[in-house]
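**Student:** There's a structure below that I have some questions on.
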Amino acid sequence: MVRKFIVAAACVGLLVGCTQAVEKRANIVKPPEIDPCAKYVGNDTCMGCHEEISKERHNVHLRIASFEAPGAKAIGCEGCHGPGSLHVDGGGDKTKILRFGEEGLHEEEVAAVCTTCHSSKEHLNWAGSAHAENEVTCTTCHTVHKNDRKALLAKGQNELCGTCHQDVMAQTYFASHHPIKEGKMGCTDCHNPHGGNNFGKAMLKTDERVNDLCLKCHTRYQGPFVFEHDPVVEDCMICHDPHGTVANNLLRQQEPFLCLQCHEAHFHAARASNSKFAVTAPGDPSSTIGATEYGFQKSFMTKCTQCHPYVHGSDLPSQSVAGQGQALTR
Amino acid sequence: MKRRYLTVLVGLCLAMPLAMQSVAGDSSDKPLQGEVTIGGKWQLDDLDRHEGRAKGGAEFDSTADKNLSWDTGAKLDYRSNAINFDVDGRYKDGDDQTYGGNLDLNRVMLYKTNYDRFMHRLGHDYMDNLTAQIFRAAGNPGAPVGLPFPCPDPNNPAFCQALPDTDPNTAGYQNSRSTIGAAAVYHTDHDPFATYGNTHTTWENSLTFNVPNFPGLQVGFDHRQEKRKGCAQALTTSKCSACHIESYSKGINEETNDYIPRVSLKFEALALEYSFLHREFNDKSQEMINGYNALAAAHIAPFAANLQFPTYSGTTLNAGSEILPFSRTPDSTKDSHTLKGRYDIDANNTVMAGLVYSKSTNTQTDGAYSPLYGEFGKDLELDSTAMMAKWHSRLSHAVSLNLFGKYQTMNNDNVGIDVNDAALHNKYKNEPADLWDFTRFSAYDMDILTLGADLSWKLAKGITLKGGYEYKMDDRKNADLLNVPETTDEHTIKLGADWRINRQMKWALGYKGQFVNHPYAYKNAVCTPWGSFGQYAGPASDGADYYRSYGPTIYDARTGTRSNLPNQAHEFSLKGNFMPMKTLSANLYGKYRNAKNDDVSGNDWQQDLFTGGLNLVLTPSEKLVFTAGYNYFYDTYDSMYCIALYDG
């Protein structure tokens, strides 16, 4: 019954939506226009009233050259705010100029203005991106005026992203985390908030797979290796949660439980015991294994990576012969 | 490891404007301006100075060992018509520094640089937990009688004599099939008091030229260098016959350089970009070696001090040259060509497309020491080609549609593995020397196809409905050999609704469902069939290569499939944002995920996750932020614990 309702609702929704296709939205990709009679008056005229803007040392928009904005009709103030003659003639009539505040342009129109210039590199895939489709526009994250932060961000990056992605931000405070709260990494090291490079999930900053993103910093695991661990090749996320975990090394679960979801416990790693005597390693008297009455329970403290430390791959065949050298112990 | 700080922040945050031409009056129009910030921290470490175990809160804090540390920063910028530059820096500690800079020459040449260094403390695994593996088997079924078992207190023989039923050194006990320690794991830490950590250093440079005579054309060059230096724990394990873990301290010295020339062109509705990445990874770390038979010969008699693979110096076996390298990270390179484009068809339609070809190369598989006898003298190469496209359309004033697709194919070289037991094969007259050699087929040999559509419908003012569907197919070429599913089909459905009640309040509801046919799993991973224990009398163990016996009777006999990925998952989320005033915001969120895999053998795999929280942010001024929050995270998994009951 529920499924039928969902299918019916989806069909009705699609039908209603498509019937509105007759009325094409104008100037969404291209920026909106003011009255066609408006003319460009130049920066000096603007600065006559808005002198404080000229003192914004960190606002690069006041310095860009015409060859950087080939699609724009003007640079400087009017490059974003549109031709200002009617605004000037109206004694500063705010309705005669493009505005980006709460009473100003709609989110999509804001983006349309900005993408006139910001349409390549990291902004190439803005159209239809997850942020664009969720009413997150350029001015949601960037404040162009009276702002001396890098990239003209409205807040610190973590605080900014955490406004909406609270669950992820909470994870970055787990015991095992990337150095995000320490300020040594930011969300944009892995994510492109202007549109994922490969159109896939999570707006990732990679043109290939998520593994290639991880390998940018963790290059020592790039290989390719002679002896592979199949899930490492498949997807780093099978074992790791990069946003933060309780388990060490950003593992989704503690060892050995993570490993034991796919693997069988070895006989020597999970053996009941009630021995009252310590065992001394032959040839190595300094190494002893103490007696315990809780052998099986303590086997849950086994770390698979103590014997198999090279789980990300290795070129060196293991001497643990059972497994034809593939045990990743060297 | 519990660690507690009593931290006192020294309130020295002095921002000193350094207007170079005048310190009086309005300095905002001076060409050169600067700022210096000084802060500090005084802390009492009152509990534990054993930093080797101190991860957690201090994992990335290089000053955790210091009671007093300073944090200094500076900014400087210069503005003129033709030349503009910014530099900034922050110095906290030798292992915690950040610097950045921008140079703008008349907007024709733009240069940006960032340098950052931080410390990453690494844990020292003392392997105390290995006591878990001691056992005293009842003897049947069991391995042959184990080691001579010393009385734990030789100065007090009465202690052992008082326990005649348990003292394995007594003849009576040994005759009653005592089996002790044959399969226990020993460990030796060669540097038990070492403290481990690395310093990460990243230096990024980006140089861009705009061509004034060709508006829209940019030529650039990016460089990224990352270094990792320090000391880490390096473990290795002998062959199972000794079950001996050895721990060493290893000097780490790794360097990665990415060189990226690029060119981009914007021409009316068209944007094109091409970039080439050349990455070099070099590992100059300490070259680790280990003697792998130190304990093997002293262990149980059947396990001879044999090595299965060539020794460091060549192919000698059983000649006391059992020193082998371990913990070696191969140097590697990656070359990648990326071509991307975007075309705005009209005001409502945009297409984007990309093509990426890359080759990753392990440059050390042709080195002097190599197990790759089948591929000797040849680098190991991975090729990847990915192509992707997306069409974005505004179907109407209220509806937008995205269609996207991506196809990627990868191919990795096969590797011939020479299981070098030549010295032993004579014991098995009917076995050829290469009986156990095999070809390693790679998991990288796979194709991935992704297709999807997203629809967004603005139902009414402030209300948006969203829906999406994505299909992903993984086709693994060597699935049968690697015991993984050949084809995985994944269907993902996303539904969402946003309700912006007013400018102060917004709610969002979401649902994501995943339905997967043959999710990624390890086939034949666990559980030999019931009663297969009786088949243990396989080929005789030779003490060096007991894959002869374990392979066919244990490992290859497993029949169960396990996985930690679902074939069905449902995720519900709720988010609320409330901003009653500009200086105060509150947000509330909750997410529940239920995932299950009933395609596995035995018990189903299940995940239940709930996370939720409430956060408040008060920003009375630009430089002052108060935050308070409560977050709850609950994540539990049900899986089957499989243990083979057999004896080594």
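Simple scheme: letters A, B, ... for chains in structure tokens order, numbers from 1 for residues in each chain, numbers from 1 for ligands in the order shown.
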Which residues, written as a list in words, have at least one atom at most 9 Å from His124 (chain B), with only C-alpha atoms counted and residues fewer than 3 positions away on the same chain left out?
**Tutor:**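 Skipping anything fewer than 3 positions along the chain leaves Gly52, Arg53, Met127, Pro192, Phe193, Ala194, Thr195, Tyr196, Ala232 and Gln233 of chain B.
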**Student:** Could you pull the residues within 10 Å of Cys141 (chain A), counting only C-alpha atoms, minus those fewer than 4 positions along the same chain, as a list in words?
**Tutor:**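 Within the cut-off, the hits are Val136, Thr137, Ala151, Leu152, Leu153, Ala154, Lys155, Gly156, Gln157, Leu160, Cys161 and Pro193 of chain A.
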**Student:** DSSP on the backbone, alpha helix (DSSP H) only: what residues of region 35-222 of chain A does that give? Format it as a ChimeraX atom specification.
**Tutor:** /A:43-49,51-54,77-81,85-89,107-114,138-141,157-162,166-171,210-217
**Student:** With only C-alpha atoms as the atoms that count, which of B:Asp498, B:Glu280, B:Tyr444, B:Gly462 lies nearest to Ala479 (chain B)?
**Tutor:**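 Closest to Ala479 (chain B), using only C-alpha atoms: B:Tyr444.
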**Student:** To one decimal place, how far is CA of Asp489 (chain B) from CA of Asp475 (chain B) in Å?
**Tutor:**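 Between CA of Asp489 (chain B) and CA of Asp475 (chain B) the gap works out to 8.9 Å.
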**Student:** Report, in Å to a single decimal, how far apart CA of Gly496 (chain B) and CA of His131 (chain A) are.
**Tutor:**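 Taking CA of His131 (chain A) and CA of Gly496 (chain B), their separation equals 13.6 Å.
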**Student:** I'd like the contact shell of Glu107 (chain A) - 8 Å cut-off, only C-alpha atoms, skipping same-chain residues fewer than 2 positions apart - returned as number ranges by chain.
**Tutor:** A: 105, 109-111, 135-138
**Student:** Can those selected residues be exported to a file as a PDB file, in the first residue's frame so that it contains all heavy atoms?
**Tutor:**
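Saved as out_1.pdb:
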ATOM      1  N   LEU A 105      18.538  39.266  -5.102  1.00  0.00           N
ATOM      2  CA  LEU A 105      18.315  38.224  -6.103  1.00  0.00           C
ATOM      3  C   LEU A 105      18.005  36.875  -5.455  1.00  0.00           C
ATOM      4  O   LEU A 105      18.438  36.584  -4.340  1.00  0.00           O
ATOM      5  CB  LEU A 105      19.567  38.067  -6.976  1.00  0.00           C
ATOM      6  CG  LEU A 105      19.995  39.308  -7.773  1.00  0.00           C
ATOM      7  CD1 LEU A 105      21.293  39.014  -8.520  1.00  0.00           C
ATOM      8  CD2 LEU A 105      18.909  39.709  -8.768  1.00  0.00           C
ATOM      9  N   GLU A 109      19.694  33.156  -9.245  1.00  0.00           N
ATOM     10  CA  GLU A 109      20.128  34.356  -9.977  1.00  0.00           C
ATOM     11  C   GLU A 109      21.486  34.831  -9.475  1.00  0.00           C
ATOM     12  O   GLU A 109      22.315  35.301 -10.253  1.00  0.00           O
ATOM     13  CB  GLU A 109      19.072  35.447  -9.801  1.00  0.00           C
ATOM     14  CG  GLU A 109      17.744  35.105 -10.462  1.00  0.00           C
ATOM     15  CD  GLU A 109      16.651  36.091 -10.112  1.00  0.00           C
ATOM     16  OE1 GLU A 109      16.631  36.579  -8.965  1.00  0.00           O
ATOM     17  OE2 GLU A 109      15.809  36.370 -10.985  1.00  0.00           O
ATOM     18  N   VAL A 110      21.704  34.691  -8.189  1.00  0.00           N
ATOM     19  CA  VAL A 110      23.022  35.034  -7.641  1.00  0.00           C
ATOM     20  C   VAL A 110      24.097  34.185  -8.318  1.00  0.00           C
ATOM     21  O   VAL A 110      25.124  34.687  -8.794  1.00  0.00           O
ATOM     22  CB  VAL A 110      23.046  34.794  -6.116  1.00  0.00           C
ATOM     23  CG1 VAL A 110      24.466  34.916  -5.581  1.00  0.00           C
ATOM     24  CG2 VAL A 110      22.121  35.761  -5.412  1.00  0.00           C
ATOM     25  N   ALA A 111      23.824  32.883  -8.368  1.00  0.00           N
ATOM     26  CA  ALA A 111      24.802  31.985  -8.990  1.00  0.00           C
ATOM     27  C   ALA A 111      24.993  32.322 -10.454  1.00  0.00           C
ATOM     28  O   ALA A 111      26.109  32.225 -10.989  1.00  0.00           O
ATOM     29  CB  ALA A 111      24.348  30.542  -8.826  1.00  0.00           C
ATOM     30  N   GLU A 135      19.453  25.152  -2.956  1.00  0.00           N
ATOM     31  CA  GLU A 135      19.362  26.573  -2.604  1.00  0.00           C
ATOM     32  C   GLU A 135      20.574  27.061  -1.823  1.00  0.00           C
ATOM     33  O   GLU A 135      20.474  27.980  -1.019  1.00  0.00           O
ATOM     34  CB  GLU A 135      18.064  26.865  -1.851  1.00  0.00           C
ATOM     35  CG  GLU A 135      16.830  26.577  -2.680  1.00  0.00           C
ATOM     36  CD  GLU A 135      15.546  26.916  -1.958  1.00  0.00           C
ATOM     37  OE1 GLU A 135      15.603  27.156  -0.741  1.00  0.00           O
ATOM     38  OE2 GLU A 135      14.492  26.931  -2.606  1.00  0.00           O
ATOM     39  N   VAL A 136      21.675  26.386  -1.997  1.00  0.00           N
ATOM     40  CA  VAL A 136      22.936  26.889  -1.452  1.00  0.00           C
ATOM     41  C   VAL A 136      23.605  27.628  -2.600  1.00  0.00           C
ATOM     42  O   VAL A 136      24.012  27.026  -3.585  1.00  0.00           O
ATOM     43  CB  VAL A 136      23.841  25.742  -0.968  1.00  0.00           C
ATOM     44  CG1 VAL A 136      25.170  26.291  -0.471  1.00  0.00           C
ATOM     45  CG2 VAL A 136      23.144  24.959   0.120  1.00  0.00           C
ATOM     46  N   THR A 137      23.668  28.910  -2.472  1.00  0.00           N
ATOM     47  CA  THR A 137      24.224  29.689  -3.571  1.00  0.00           C
ATOM     48  C   THR A 137      25.556  30.303  -3.151  1.00  0.00           C
ATOM     49  O   THR A 137      26.046  30.080  -2.031  1.00  0.00           O
ATOM     50  CB  THR A 137      23.221  30.767  -4.020  1.00  0.00           C
ATOM     51  OG1 THR A 137      23.658  31.325  -5.245  1.00  0.00           O
ATOM     52  CG2 THR A 137      23.077  31.855  -2.965  1.00  0.00           C
ATOM     53  N   CYS A 138      26.148  31.067  -4.048  1.00  0.00           N
ATOM     54  CA  CYS A 138      27.496  31.582  -3.804  1.00  0.00           C
ATOM     55  C   CYS A 138      27.554  32.417  -2.530  1.00  0.00           C
ATOM     56  O   CYS A 138      28.469  32.295  -1.722  1.00  0.00           O
ATOM     57  CB  CYS A 138      27.936  32.424  -5.000  1.00  0.00           C
ATOM     58  SG  CYS A 138      27.611  31.612  -6.584  1.00  0.00           S
TER      59      CYS A 138
END
**Student:** So the first atom is CA of Glu287 (chain B) and the second is CA of Arg224 (chain B); what is the distance between them in Å, to one decimal place?
**Tutor:** 25.8 Å
**Student:** Rank A:His81, A:Lys181, A:His123, A:His50 by their smallest atom-to-atom distance to Met203 (chain A), using only C-alpha atoms, and report the top residue only.
**Tutor:** A:His123
